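Below you'll find the structure, written out as structure tokens, and then a few comments.
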Amino acid sequence: MKLDRLLKRLNYTLIQGSTAIQITDVIYDSRKVIQGCLFVCLVGSKVDSHKFAQDAVDKGAVAVVVSEDIKIENAAVIKVDDTRKALAFISAEYFDNPADKLTTIGITGTKGKTTTASMIGSILSCGGIKTGIIGTLGIVIGDRIIKTNNTTPESYEIQRAMKQMIDEGCKAVVMEASSLGLKWHRTDGFIFDYGVFTNFSHDHIGGDEHKDMDEYRRCKAMLFRQCMTGIFNSDDSACEAMLENHTCLVETYGFGEKAELRADGAELLSRPGYLGVHFRASGRINGEFDVDIPGKFTVYNALAAVAVCSHFDITKEQMFKGLNEVKVKGRVETVKVPGNYTLLIDYAHNAVSMENILTTLREYNPGRLVTMFGAGGNRPRERRFEMGEISGRLSDLSVITEDNSRFEDVNDIIADIITGIDKTDGKYVVVPDRTDAIRYCIENAQDGDIIVLAGKGHEDYQDKNGVKTHYDEREVIAEIIK
């Protein structure tokens, strides 16, 4: 592809060379340079790849996109204001603007993005609309999951994934638009058909993330200047602030009377192997729905999914089926077991997420609430004290085990967790090996128990002594039951 075509939607200055040259690929990691490629210099919190520009040219790059004045020999040099933004538009052109051939849905918010994306994907699938998902779980196309390093991958990966989705018959894509993904222009280069706001609360502040809550909110709100229709949780206290400077059509959902899609009559559903919620929807869609994910907060995610899918040629029956069958890997994920109890896998790996999930599960009045968990090594010890205290207070039994101990002794981590539990009257047992701990939970399960295996969620590895080994709790459970 010619360089001038890749640059056609950019404001740029040609410092040297010609744009009438062929480009073999677009690269932003100097270690992956190939002959004839365009190298884009990205500036990150830790690495400024302008330092590697000449090295990239020496390895075969024929053109370089920069935002700083640097000396480069033997290559075309294009200067722009923001190389990350430029990468997004260049990548879109390189993959022939795949968003133009898909219905694109972006979801932003502190919580609920992964679940809402999965719900939308499930409903559309039930309606015969093959849908790809990009988010925390990776790039999901059909039954295949391609792992990514970030909730919202770099723009080149997003564009490549959308092109791959089209090639495999997808008609829509649902994308988790994280605040950092929006901040770093990873979702630039196209306009979303629909943008969704779930909720807003404290997260991602400090370090390499956001300097304060205001910046965090403003970055999330960027989505609503990059979509045609914005669908907002009108019950959230930040809703008005998220609407600031929006350029999209506005729709709302929630329990409040002003919401265009409203929910009421929320009821918890419980039977062995199924923890969910039932609710009635009225307004844009009228009907009753069951969702196989516990907690009344689930209704908000389901409403958002219904609001989006109401714009497709989808029946209420298909919406019901999609919500009732949805599974979100590692998010209060039910695993089938032969006993009269419920076994869940969840990603809760800090005090806040543990308190949320355990409080939710308490509402289902289990015979016992059993929580198996560990804590990550080489992380602040305070997290372990807090997790221990939360589990001790909310669980009938805590089963303390390992979870990515990294370079620490698992017994030292367990001792810290016990320090927290000892602040409560909670009962606990210690089973240092995680597989043995899962086996203990299954073999000692009682009728009516809810057992949650916390910490791993969608992860499929254990990190010990600097080595990651394959470890999928679903496989472990299946082998134990077998």
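Residue numbers start at 1 in each chain; chains themselves are named A, B, ... in the order of the structure tokens; ligands are numbered from 1 in the order shown.
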If you count only C-alpha atoms, which residues fall within 12 Å of A:Lys32, apart from same-chain ones fewer than 5 positions away, as a list of chain:residue names?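 Once the nearby chain positions are removed, what remains is A:Asp25, A:Val26, A:Ile27, A:Cys37, A:Leu38, A:Phe39, A:Val40, A:Phe52, A:Asp55, A:Ala56, A:Val57, A:Lys59, A:Gly60, A:Ala61.
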Exercise: A:Val332 partners within 6 Å, only C-alpha atoms, chain neighbours under 6 positions left out, as a list in words: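 Near A:Val332, the qualifying residues are Leu344, Ile345 and Asp346 of chain A.
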Nearest-residue call for A:Asn324, choices A:Thr424, A:Asn286, A:Thr298, A:Thr148, using only C-alpha atoms: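 Of A:Thr424, A:Asn286, A:Thr298, A:Thr148, the one nearest A:Asn324 is A:Thr298, counting only C-alpha atoms.
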Looking at A:Cys248, A:Met162, A:Ile78, A:Cys239, which one is nearest to A:Arg225, with distances taken over only C-alpha atoms?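 Distance minimum relative to A:Arg225 lands on A:Cys248.
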Point-to-point distance from atom CA of A:Asp412 to atom CA of A:Asp463, Å rounded to tenths: 15.9 Å
Residue nearest A:Glu473 among A:Ser18, A:Thr435, A:Asn149, A:Asn411 (counting only C-alpha atoms): A:Thr435
For the structure I just gave you, how does DSSP split stretch 230-431 of chain A - specifically, which residues are strand (DSSP E or B)? Reply as a PyMOL selection string. chain A and resi 230-233+249-254+261-271+274-283+287-291+333-335+342-346+369-373+397-400+406+427-430
So which residues of stretch 229-419 of chain A fall under helix (DSSP H, G or I) by DSSP, listed as an MDAnalysis selection string? chainID A and resid 239:242 298:309 316:325 351:362 381:394 410:419
